[in-house]
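Have a look at upload-v8.txt below; it lists compact mmCIF, C-alpha atoms.
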```txt
# COMPACT_ATOMS: atom_id res chain seq x y z
CA MET Z 1 44.97 56.31 -40.15
CA SER Z 2 42.68 55.71 -37.24
CA SER Z 3 42.16 52.14 -36.11
CA ALA Z 4 38.44 52.85 -36.30
CA PHE Z 5 38.60 52.97 -40.10
CA PRO Z 6 38.14 49.22 -40.72
CA ARG Z 7 35.09 49.15 -38.45
CA ILE Z 8 33.58 52.23 -40.13
CA ALA Z 9 34.32 50.79 -43.56
CA LEU Z 10 32.73 47.50 -42.55
CA ALA Z 11 29.65 49.30 -41.24
CA VAL Z 12 29.32 51.29 -44.47
CA VAL Z 13 29.68 48.14 -46.56
CA SER Z 14 27.12 46.38 -44.39
CA MET Z 15 24.64 49.22 -44.76
CA LEU Z 16 25.12 49.29 -48.51
CA THR Z 17 24.69 45.53 -48.67
CA LEU Z 18 21.51 45.68 -46.62
CA ALA Z 19 20.14 48.46 -48.81
CA ALA Z 20 20.97 46.47 -51.91
CA CYS Z 21 19.37 43.33 -50.49
CA GLU Z 22 16.08 45.12 -50.18
CA THR Z 23 15.58 45.06 -53.90
CA LYS Z 24 18.48 43.19 -55.42
CA GLY Z 25 19.10 39.51 -55.75
CA GLY Z 26 18.28 36.51 -53.66
CA PHE Z 27 14.60 36.32 -54.53
CA HIS Z 28 12.82 33.00 -54.21
CA GLY Z 29 10.65 34.07 -57.12
CA ILE Z 30 11.92 35.14 -60.53
CA GLU Z 31 13.57 38.52 -60.14
CA PHE Z 32 12.90 41.45 -62.44
CA ASP Z 33 16.36 42.79 -63.09
CA PRO Z 34 16.14 45.70 -63.37
CA PRO Z 35 12.82 46.21 -61.60
CA LYS Z 36 10.08 47.34 -63.97
CA GLN Z 37 8.20 50.54 -63.16
CA VAL Z 38 4.43 50.24 -63.51
CA PRO Z 39 1.95 53.10 -63.22
CA GLY Z 40 -1.02 53.24 -60.91
CA PHE Z 41 -4.45 52.56 -62.38
CA GLN Z 42 -7.91 53.67 -61.43
CA PHE Z 43 -10.83 51.29 -61.01
CA THR Z 44 -14.43 51.87 -60.02
CA ARG Z 45 -15.96 49.63 -57.37
CA ALA Z 46 -19.50 48.29 -57.55
CA ASP Z 47 -20.57 51.03 -55.13
CA ARG Z 48 -19.04 53.61 -57.55
CA SER Z 49 -16.18 54.48 -55.20
CA ILE Z 50 -12.68 54.68 -56.68
CA VAL Z 51 -9.71 52.38 -56.12
CA ARG Z 52 -6.28 53.54 -57.23
CA THR Z 53 -3.33 51.18 -57.41
CA ASP Z 54 -0.68 53.90 -57.06
CA ALA Z 55 2.54 52.96 -55.31
CA GLU Z 56 2.66 53.69 -51.59
CA ALA Z 57 5.94 53.76 -49.65
CA GLY Z 58 6.21 50.82 -47.30
CA ARG Z 59 3.25 49.05 -48.88
CA PRO Z 60 4.19 46.27 -51.29
CA GLN Z 61 1.55 45.09 -53.73
CA LEU Z 62 0.68 41.67 -55.09
CA TYR Z 63 -1.13 41.28 -58.40
CA PHE Z 64 -2.79 38.32 -60.03
CA PHE Z 65 -4.63 38.53 -63.35
CA GLY Z 66 -7.37 35.94 -63.80
CA TYR Z 67 -11.12 35.57 -64.13
CA THR Z 68 -13.88 34.25 -61.95
CA HIS Z 69 -15.10 31.54 -64.36
CA CYS Z 70 -11.65 29.98 -64.04
CA PRO Z 71 -12.17 27.02 -61.70
CA ASP Z 72 -8.73 25.54 -61.68
CA VAL Z 73 -5.75 27.88 -61.87
CA CYS Z 74 -7.13 31.16 -60.55
CA PRO Z 75 -8.17 30.04 -57.07
CA THR Z 76 -4.71 28.67 -56.33
CA PRO Z 77 -2.73 31.95 -56.12
CA LEU Z 78 -5.47 33.56 -54.06
CA ALA Z 79 -5.51 30.58 -51.69
CA ASP Z 80 -1.72 30.94 -51.52
CA TRP Z 81 -2.10 34.64 -50.67
CA LYS Z 82 -4.30 33.68 -47.78
CA ARG Z 83 -1.58 31.40 -46.45
CA VAL Z 84 1.03 34.12 -46.98
CA LYS Z 85 -1.11 36.66 -45.16
CA GLN Z 86 -1.63 34.36 -42.21
CA ALA Z 87 2.07 33.50 -42.06
CA ILE Z 88 3.15 37.15 -42.07
CA GLY Z 89 0.71 38.16 -39.37
CA ASP Z 90 0.09 41.79 -38.45
CA LYS Z 91 2.50 43.20 -41.02
CA ALA Z 92 0.31 41.77 -43.78
CA SER Z 93 -2.02 44.71 -43.24
CA ARG Z 94 0.56 46.77 -45.17
CA VAL Z 95 0.28 44.56 -48.26
CA ARG Z 96 -2.13 45.37 -51.08
CA PHE Z 97 -3.60 42.23 -52.62
CA TYR Z 98 -5.06 42.91 -56.08
CA PHE Z 99 -6.99 40.37 -58.16
CA VAL Z 100 -7.50 41.94 -61.58
CA THR Z 101 -9.96 40.29 -63.94
CA VAL Z 102 -8.94 39.72 -67.54
CA ASP Z 103 -12.60 39.07 -68.35
CA PRO Z 104 -14.38 42.34 -67.54
CA GLU Z 105 -17.19 41.43 -69.97
CA ARG Z 106 -18.49 38.85 -67.50
CA ASP Z 107 -16.74 39.88 -64.30
CA THR Z 108 -18.44 43.06 -63.19
CA PRO Z 109 -16.84 44.98 -60.32
CA ALA Z 110 -19.31 43.32 -57.94
CA ILE Z 111 -18.42 39.84 -59.18
CA ALA Z 112 -14.66 40.52 -59.06
CA GLU Z 113 -14.95 41.95 -55.55
CA ARG Z 114 -17.05 39.04 -54.34
CA TYR Z 115 -14.63 36.53 -55.84
CA ALA Z 116 -11.58 38.07 -54.17
CA THR Z 117 -13.17 38.52 -50.77
CA GLN Z 118 -14.27 34.87 -50.75
CA PHE Z 119 -10.65 34.15 -50.04
CA ASP Z 120 -9.96 37.00 -47.65
CA ALA Z 121 -11.76 40.22 -46.81
CA ALA Z 122 -8.55 42.17 -47.45
CA PHE Z 123 -8.22 40.98 -51.04
CA VAL Z 124 -9.33 43.54 -53.59
CA GLY Z 125 -11.09 42.37 -56.75
CA LEU Z 126 -10.74 44.83 -59.62
CA SER Z 127 -12.68 45.00 -62.87
CA GLY Z 128 -11.81 47.82 -65.22
CA ASP Z 129 -13.27 49.06 -68.46
CA SER Z 130 -11.72 47.58 -71.59
CA LEU Z 131 -9.14 50.35 -71.93
CA THR Z 132 -7.98 50.14 -68.32
CA THR Z 133 -7.85 46.34 -68.55
CA ARG Z 134 -5.70 46.50 -71.67
CA ARG Z 135 -3.38 49.14 -70.23
CA ILE Z 136 -2.76 47.37 -66.93
CA GLN Z 137 -2.17 44.07 -68.72
CA ASP Z 138 0.29 45.79 -71.05
CA ALA Z 139 2.08 47.38 -68.11
CA PHE Z 140 2.58 43.98 -66.47
CA GLY Z 141 3.16 42.08 -69.71
CA VAL Z 142 0.05 39.97 -69.12
CA THR Z 143 -1.53 38.19 -72.07
CA SER Z 144 -5.09 36.88 -72.32
CA TYR Z 145 -7.38 35.63 -75.05
CA HIS Z 146 -10.77 33.95 -75.32
CA GLU Z 147 -11.00 30.30 -76.25
CA GLY Z 148 -13.61 27.64 -76.95
CA GLY Z 149 -16.98 27.56 -75.34
CA THR Z 150 -20.19 26.28 -76.84
CA GLU Z 151 -22.04 29.57 -76.38
CA PRO Z 152 -20.96 33.20 -76.77
CA SER Z 153 -21.07 33.65 -73.01
CA ALA Z 154 -19.46 30.30 -72.15
CA TYR Z 155 -15.92 30.86 -73.33
CA PHE Z 156 -12.71 30.25 -71.43
CA VAL Z 157 -9.84 32.67 -71.15
CA SER Z 158 -6.25 31.61 -71.51
CA HIS Z 159 -4.09 33.97 -69.53
CA SER Z 160 -0.78 34.62 -67.85
CA SER Z 161 -0.82 32.83 -64.54
CA GLN Z 162 1.99 34.29 -62.47
CA VAL Z 163 1.79 36.52 -59.39
CA PHE Z 164 3.66 39.85 -59.43
CA LEU Z 165 5.34 41.47 -56.46
CA VAL Z 166 5.52 45.28 -56.70
CA ASP Z 167 7.57 47.28 -54.23
CA GLY Z 168 6.64 50.53 -52.50
CA LYS Z 169 8.09 52.51 -55.41
CA GLY Z 170 5.72 50.92 -57.91
CA ARG Z 171 8.30 48.60 -59.45
CA ILE Z 172 7.75 44.94 -60.30
CA VAL Z 173 10.62 43.26 -58.48
CA ALA Z 174 9.71 39.60 -58.90
CA GLN Z 175 7.15 37.22 -60.32
CA TYR Z 176 5.97 33.83 -59.12
CA PRO Z 177 5.00 31.20 -61.70
CA PHE Z 178 2.00 28.97 -61.02
CA GLY Z 179 2.96 26.14 -58.72
CA ILE Z 180 6.11 27.71 -57.28
CA GLY Z 181 4.77 27.38 -53.74
CA TRP Z 182 3.45 30.04 -51.42
CA GLU Z 183 6.53 29.98 -49.18
CA ALA Z 184 8.60 31.69 -51.89
CA LEU Z 185 6.21 34.61 -51.94
CA ARG Z 186 6.06 34.77 -48.16
CA ASP Z 187 9.83 34.95 -47.84
CA ASP Z 188 10.26 37.57 -50.54
CA LEU Z 189 7.41 39.70 -49.29
CA LYS Z 190 8.96 39.86 -45.82
CA ARG Z 191 11.87 41.81 -47.27
CA PHE Z 192 9.55 44.71 -47.98
CA LEU Z 193 7.78 44.79 -44.62
CA MET H 1 -8.99 -5.03 -52.96
CA THR H 2 -7.41 -1.97 -51.56
CA PRO H 3 -9.23 -1.04 -48.38
CA LEU H 4 -10.91 2.33 -48.32
CA SER H 5 -9.72 4.76 -45.73
CA HIS H 6 -11.80 7.44 -44.00
CA ARG H 7 -10.51 9.89 -46.60
CA ASP H 8 -12.01 7.97 -49.49
CA ALA H 9 -14.94 9.40 -51.36
CA ASN H 10 -18.42 8.06 -50.95
CA VAL H 11 -18.65 5.82 -54.00
CA ARG H 12 -21.05 3.40 -55.62
CA VAL H 13 -21.10 1.59 -58.95
CA SER H 14 -24.08 1.00 -61.21
CA SER H 15 -24.82 -0.55 -64.62
CA ARG H 16 -27.35 0.86 -67.00
CA HIS H 17 -30.11 -1.27 -65.57
CA ALA H 18 -29.24 -2.15 -62.04
CA LEU H 19 -27.23 -0.77 -59.22
CA LEU H 20 -24.04 -2.69 -58.63
CA ALA H 21 -21.76 -2.23 -55.70
CA PHE H 22 -18.53 -3.13 -54.08
CA GLY H 23 -19.29 -6.21 -52.01
CA ALA H 24 -20.18 -7.04 -48.50
CA ALA H 25 -16.80 -6.20 -47.09
CA LEU H 26 -17.16 -2.56 -48.09
CA THR H 27 -20.74 -2.05 -47.08
CA GLY H 28 -20.00 -1.07 -43.53
CA MET H 29 -17.34 1.39 -44.58
CA LEU H 30 -19.38 3.12 -47.20
CA GLY H 31 -22.63 3.30 -45.32
CA SER H 32 -26.05 3.85 -46.76
CA ALA H 33 -24.87 5.43 -49.98
CA CYS H 34 -23.63 2.06 -51.18
CA SER H 35 -25.49 -1.16 -51.93
CA THR H 36 -24.09 -4.59 -52.65
CA SER H 37 -24.42 -7.18 -55.35
CA PRO H 38 -22.84 -10.64 -55.69
CA SER H 39 -22.26 -9.84 -59.36
CA ALA H 40 -20.01 -6.91 -58.52
CA PRO H 41 -17.11 -8.32 -56.52
CA HIS H 42 -15.30 -4.99 -56.64
CA ALA H 43 -15.49 -1.48 -58.04
CA PRO H 44 -13.70 -1.00 -61.33
CA LEU H 45 -12.29 2.30 -60.08
CA HIS H 46 -10.96 3.00 -56.64
CA ILE H 47 -11.73 6.65 -55.88
CA SER H 48 -10.12 8.65 -53.10
CA GLU H 49 -9.51 12.25 -52.07
CA ALA H 50 -12.55 13.58 -53.94
CA TRP H 51 -13.15 17.26 -53.22
CA ALA H 52 -14.75 20.26 -54.86
CA ARG H 53 -14.01 23.95 -54.66
CA GLN H 54 -16.36 26.23 -52.81
CA ALA H 55 -18.32 28.42 -55.24
CA ASP H 56 -21.31 30.69 -55.56
CA SER H 57 -24.45 29.65 -57.38
CA GLY H 58 -24.07 30.31 -61.11
CA ALA H 59 -20.30 30.16 -60.86
CA THR H 60 -17.68 27.66 -61.98
CA SER H 61 -16.10 25.08 -59.72
CA GLY H 62 -13.80 22.09 -60.01
CA ILE H 63 -13.77 18.57 -58.62
CA TYR H 64 -10.49 16.85 -57.90
CA LEU H 65 -9.90 13.21 -57.04
CA THR H 66 -7.58 10.27 -57.37
CA MET H 67 -8.76 7.18 -59.24
CA THR H 68 -7.11 3.81 -59.77
CA ASN H 69 -8.18 1.18 -62.27
CA MET H 70 -8.80 -1.98 -60.22
CA ASP H 71 -9.80 -4.00 -63.29
CA SER H 72 -7.62 -6.14 -65.51
CA THR H 73 -8.72 -4.22 -68.60
CA THR H 74 -8.42 -0.61 -69.67
CA ILE H 75 -11.18 1.68 -68.39
CA ARG H 76 -12.39 4.68 -70.33
CA VAL H 77 -14.38 7.31 -68.50
CA VAL H 78 -16.47 8.92 -71.21
CA GLY H 79 -18.85 11.17 -69.32
CA PHE H 80 -19.24 13.21 -66.15
CA GLU H 81 -22.53 14.35 -64.64
CA SER H 82 -23.50 16.29 -61.56
CA THR H 83 -26.75 17.81 -60.43
CA ALA H 84 -24.69 20.62 -58.90
CA ALA H 85 -23.99 22.17 -62.31
CA ARG H 86 -25.69 22.77 -65.63
CA ALA H 87 -22.70 21.23 -67.41
CA THR H 88 -19.99 18.90 -66.16
CA GLN H 89 -16.89 18.24 -68.22
CA ALA H 90 -13.36 16.92 -67.84
CA HIS H 91 -10.77 19.59 -68.55
CA GLU H 92 -7.04 19.72 -68.42
CA THR H 93 -5.10 22.84 -67.57
CA MET H 94 -1.81 23.25 -69.31
CA ILE H 95 0.81 25.76 -68.28
CA ARG H 96 3.16 26.73 -71.08
CA GLY H 97 5.62 29.38 -70.07
CA ASP H 98 3.52 31.62 -67.89
CA MET H 99 0.31 31.02 -69.88
CA SER H 100 -2.42 28.78 -68.57
CA ARG H 101 -5.05 27.34 -70.86
CA MET H 102 -7.69 24.65 -70.55
CA ASP H 103 -8.64 21.94 -73.01
CA MET H 104 -11.73 19.77 -72.72
CA ARG H 105 -11.07 16.04 -72.52
CA ALA H 106 -13.64 13.83 -74.25
CA GLU H 107 -12.55 10.86 -72.17
CA VAL H 108 -10.10 9.78 -69.54
CA GLU H 109 -8.39 6.45 -70.05
CA LEU H 110 -6.81 4.30 -67.36
CA ALA H 111 -4.74 1.21 -68.13
CA PRO H 112 -5.07 -1.71 -65.69
CA GLY H 113 -3.60 -0.67 -62.35
CA ALA H 114 -3.07 2.91 -63.48
CA THR H 115 -3.74 5.82 -61.14
CA ILE H 116 -4.73 9.30 -62.26
CA THR H 117 -4.66 12.18 -59.83
CA MET H 118 -6.81 15.15 -60.65
CA LYS H 119 -5.34 18.22 -58.99
CA PRO H 120 -5.25 22.01 -59.41
CA GLY H 121 -3.25 23.01 -62.46
CA GLY H 122 -3.92 19.74 -64.27
CA LEU H 123 -6.76 17.37 -65.05
CA HIS H 124 -10.03 18.18 -63.27
CA VAL H 125 -13.77 17.87 -63.52
CA MET H 126 -15.28 21.26 -64.22
CA LEU H 127 -18.68 22.24 -62.87
CA ILE H 128 -19.99 24.92 -65.19
CA ASP H 129 -22.78 27.21 -64.01
CA THR H 130 -23.36 25.72 -60.58
CA THR H 131 -27.02 25.20 -59.71
CA ARG H 132 -26.50 26.10 -56.08
CA ARG H 133 -23.96 27.63 -53.78
CA LEU H 134 -21.26 25.14 -52.81
CA VAL H 135 -20.28 25.71 -49.23
CA ALA H 136 -17.31 24.17 -47.41
CA GLY H 137 -18.46 21.00 -45.66
CA ASP H 138 -21.20 20.38 -48.22
CA THR H 139 -20.99 17.48 -50.66
CA VAL H 140 -21.34 17.42 -54.43
CA PRO H 141 -22.58 14.34 -56.31
CA LEU H 142 -20.63 13.15 -59.32
CA THR H 143 -21.40 10.32 -61.74
CA MET H 144 -18.66 9.06 -64.01
CA ARG H 145 -19.89 7.12 -67.05
CA LEU H 146 -17.64 4.34 -68.29
CA ALA H 147 -17.42 3.27 -71.92
CA ASP H 148 -18.73 -0.21 -71.07
CA GLY H 149 -21.96 1.22 -69.65
CA ARG H 150 -21.08 1.07 -65.99
CA ALA H 151 -21.15 4.18 -63.87
CA ILE H 152 -19.28 5.31 -60.80
CA VAL H 153 -21.33 7.41 -58.42
CA LEU H 154 -19.53 9.36 -55.72
CA SER H 155 -19.75 12.47 -53.64
CA ALA H 156 -17.01 15.05 -53.26
CA LEU H 157 -16.52 17.13 -50.14
CA VAL H 158 -16.63 20.88 -50.72
CA ARG H 159 -13.59 22.74 -49.42
CA ALA H 160 -12.79 26.41 -49.10
CA PRO H 161 -10.95 27.55 -52.23
```
Mind turning this structure into structure tokens?
Amino acid sequence: MSSAFPRIALAVVSMLTLAACETKGGFHGIEFDPPKQVPGFQFTRADRSIVRTDAEAGRPQLYFFGYTHCPDVCPTPLADWKRVKQAIGDKASRVRFYFVTVDPERDTPAIAERYATQFDAAFVGLSGDSLTTRRIQDAFGVTSYHEGGTEPSAYFVSHSSQVFLVDGKGRIVAQYPFGIGWEALRDDLKRFL
Amino acid sequence: MTPLSHRDANVRVSSRHALLAFGAALTGMLGSACSTSPSAPHAPLHISEAWARQADSGATSGIYLTMTNMDSTTIRVVGFESTAARATQAHETMIRGDMSRMDMRAEVELAPGATITMKPGGLHVMLIDTTRRLVAGDTVPLTMRLADGRAIVLSALVRAP
């Protein structure tokens, strides 16, 4: 056998390892094993143009499901995204940042868009109709329900509070619980850029 | 008394009938927002790191701060007021599993010497239906009513979210 065989074998193993590392193991967030396929969804912007969340090769997506009347938890992941975006630099232009409201009754597309862009102009605020909202929450396993409030319009919404990382194939590969720290997301996101 | 640093909130103390304050030693540090009274040798609560989230008018915001009971008796904060919102309430966020929910707190109690830190994801003062846009660098007034009738008046610096 040729003496080149060990080097070729090593190279093959290395390539396989690298390929596996792209989506397998070693996440700083909580890994989805196996990754969970999610479909793309269609939303209408305030100006009536269409946004689709379909997977795009080479463009990872981040999702957070919250609502704009949420003063405490919801701003934190979006503020973290801003730090992540700044830390990644130019490559961050390939990332899709989606804030999806779980309260479309109050959060119109204009309000959701305004809320997201307060943090960064590249962040996309999405407000769907009730069916779209339910379907995208189901796809991600996101729960929400109304609570309290002294008036019909003054309720709060309890909701799932993690951030989801979706790869360029439209698969949830990891999630990031509230308070995990933005550095975990930054490091994991870099693997897809 | 613990000296106030430049990061401390702008704070004053009042009773129902007359404005009380911290004492002559603090006057210079706190500036014109604070007055003095010989009957108020110190503030019952030491407030620091008070800040509010930037928000649009008609939106919801939160105030965060750290407070320490400087008295020898338990202090109960039973009310929160701000002209920056149509309703001001203490709320506590609880994360169970991946779910976040908020519960209103009727009062906040501090044992002598105790410190409570209000921070994102926990206890906070909620500004519901803000009466104006809160812009980074702006300040938001906050009055905390104590069970014994005293009040703590402070201002929180608005920060980007």
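Of the listed residues H:Leu142, H:Leu110, H:Leu65, H:Ile95, the one whose atoms come nearest to chain Z is H:Ile95, with distances taken using all atoms listed in the file.
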Using only C-alpha atoms, which residues sit within 10 Å of Asp187 of chain Z once same-chain residues fewer than 4 positions away are excluded, as a PDB file with C-alpha atoms, in the coordinates of the input?
```
ATOM      1  CA  PHE Z  27      14.600  36.320 -54.530  1.00  0.00           C
ATOM      2  CA  HIS Z  28      12.820  33.000 -54.210  1.00  0.00           C
ATOM      3  CA  GLY Z  29      10.650  34.070 -57.120  1.00  0.00           C
ATOM      4  CA  VAL Z  84       1.030  34.120 -46.980  1.00  0.00           C
ATOM      5  CA  ALA Z  87       2.070  33.500 -42.060  1.00  0.00           C
ATOM      6  CA  ILE Z  88       3.150  37.150 -42.070  1.00  0.00           C
ATOM      7  CA  TRP Z 182       3.450  30.040 -51.420  1.00  0.00           C
ATOM      8  CA  GLU Z 183       6.530  29.980 -49.180  1.00  0.00           C
ATOM      9  CA  ARG Z 191      11.870  41.810 -47.270  1.00  0.00           C
ATOM     10  CA  PHE Z 192       9.550  44.710 -47.980  1.00  0.00           C
TER      11      PHE Z 192
END
```
Within 8 Å of chain Z, which residues of chain H come that close, and what is the closest atom pair and distance in Å for each? Count all atoms listed in the file and give it as a tab-separated table.
```
residue	atom	partner	partner_atom	distance
H:Arg53	CA	Z:Pro71	CA	7.9
H:Ala59	CA	Z:His69	CA	6.4
H:Thr60	CA	Z:His69	CA	5.2
H:Ser61	CA	Z:Pro71	CA	4.8
H:Gly62	CA	Z:Pro71	CA	5.5
H:Thr93	CA	Z:Asp72	CA	7.4
H:Asp98	CA	Z:Ser160	CA	5.2
H:Met99	CA	Z:Ser160	CA	4.3
H:Ser100	CA	Z:His159	CA	5.5
H:Arg101	CA	Z:Ser158	CA	4.5
H:Met102	CA	Z:Ser158	CA	7.2
H:Pro120	CA	Z:Asp72	CA	5.5
H:Gly121	CA	Z:Val73	CA	5.5
H:Gly122	CA	Z:Asp72	CA	8.0
H:His124	CA	Z:Asp72	CA	7.6
H:Met126	CA	Z:Pro71	CA	7.0
H:Pro161	CA	Z:Pro75	CA	6.1
```
Env of Met70 of chain H: 6 Å cut, atoms = only C-alpha atoms, seq-sep filter 3 positions within chain, self excluded. Answer as a PyMOL selection string. chain H and resi 44-45+113
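Counting all atoms listed in the file, the residue from H:His91, H:Lys119, H:Arg159, H:Arg96 that sits nearest to Gly79 of chain H is H:His91.
Proximity of Z:Asp138, Z:Asp33, Z:Asp47, Z:Glu105 to Ala174 of chain Z, computed with all atoms listed in the file, is greatest for Z:Asp33.
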So that I can check the surroundings of Lys36 of chain Z, please list as a PDB file with C-alpha atoms, in the coordinates of the input every protein, DNA and RNA residue that reaches within 12 Å of it, counting only C-alpha atoms and ignoring chain neighbours fewer than 6 positions away.
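Wrote around-v5.pdb, looks like this:
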```
ATOM      1  CA  THR Z  23      15.580  45.060 -53.900  1.00  0.00           C
ATOM      2  CA  ALA Z 139       2.080  47.380 -68.110  1.00  0.00           C
ATOM      3  CA  PHE Z 140       2.580  43.980 -66.470  1.00  0.00           C
ATOM      4  CA  GLY Z 141       3.160  42.080 -69.710  1.00  0.00           C
ATOM      5  CA  PHE Z 164       3.660  39.850 -59.430  1.00  0.00           C
ATOM      6  CA  LEU Z 165       5.340  41.470 -56.460  1.00  0.00           C
ATOM      7  CA  VAL Z 166       5.520  45.280 -56.700  1.00  0.00           C
ATOM      8  CA  ASP Z 167       7.570  47.280 -54.230  1.00  0.00           C
ATOM      9  CA  LYS Z 169       8.090  52.510 -55.410  1.00  0.00           C
ATOM     10  CA  GLY Z 170       5.720  50.920 -57.910  1.00  0.00           C
ATOM     11  CA  ARG Z 171       8.300  48.600 -59.450  1.00  0.00           C
ATOM     12  CA  ILE Z 172       7.750  44.940 -60.300  1.00  0.00           C
ATOM     13  CA  VAL Z 173      10.620  43.260 -58.480  1.00  0.00           C
ATOM     14  CA  ALA Z 174       9.710  39.600 -58.900  1.00  0.00           C
ATOM     15  CA  GLN Z 175       7.150  37.220 -60.320  1.00  0.00           C
TER      16      GLN Z 175
END
```
Give me the residues near Thr115 of chain H as number ranges by chain, where near means some atom within 10 Å (using all atoms listed in the file) and where sequence neighbours in that chain fewer than 4 positions away do not count. H: 45-47, 66-70, 110-111
Two-atom distance - atom CA of Thr53 of chain Z, atom CA of Val102 of chain Z (Å): 16.3 Å
Radius query 12 Å about (-5.2, 45.7, -68.2), atoms used: all atoms listed in the file, as a PyMOL selection string: chain Z and resi 38-43+63-66+99-104+126-144+159-160
Nearest to Arg52 of chain Z among Z:Arg83, Z:Asp188, Z:Asp107, Z:Tyr98, with distances taken over only C-alpha atoms: which residue is it? Z:Tyr98
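Using all atoms listed in the file, the residues found no farther than 12 Å from Arg133 of chain H, other than those of its own chain fewer than 4 positions away, are Ala52, Arg53, Gln54, Ala55, Asp56, Ser57, Gly58, Ala59, Thr60, Ser61, Ala84, Ala85, Leu127, Asp129, Gly137, Asp138, Thr139, Val140 and Val158 of chain H.
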In Å, with one decimal, what is the gap from atom CA of Leu146 of chain H to atom CA of Asp103 of chain H? 20.3 Å
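Atom pair atom CA of Leu185 of chain Z / atom CA of Ala50 of chain H has a distance of 28.3 Å (rounded to one decimal).
Of the listed residues (Z:Ala184, Z:Ala112, Z:Leu193, Z:Ala46), Z:Ala184 comes nearest to Ile30 of chain Z; the distances count all atoms listed in the file.
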Which one is closest to Lys82 of chain Z: Z:Ile180, Z:Ala57, Z:Ala110, Z:Ala122? Count only C-alpha atoms. Z:Ala122
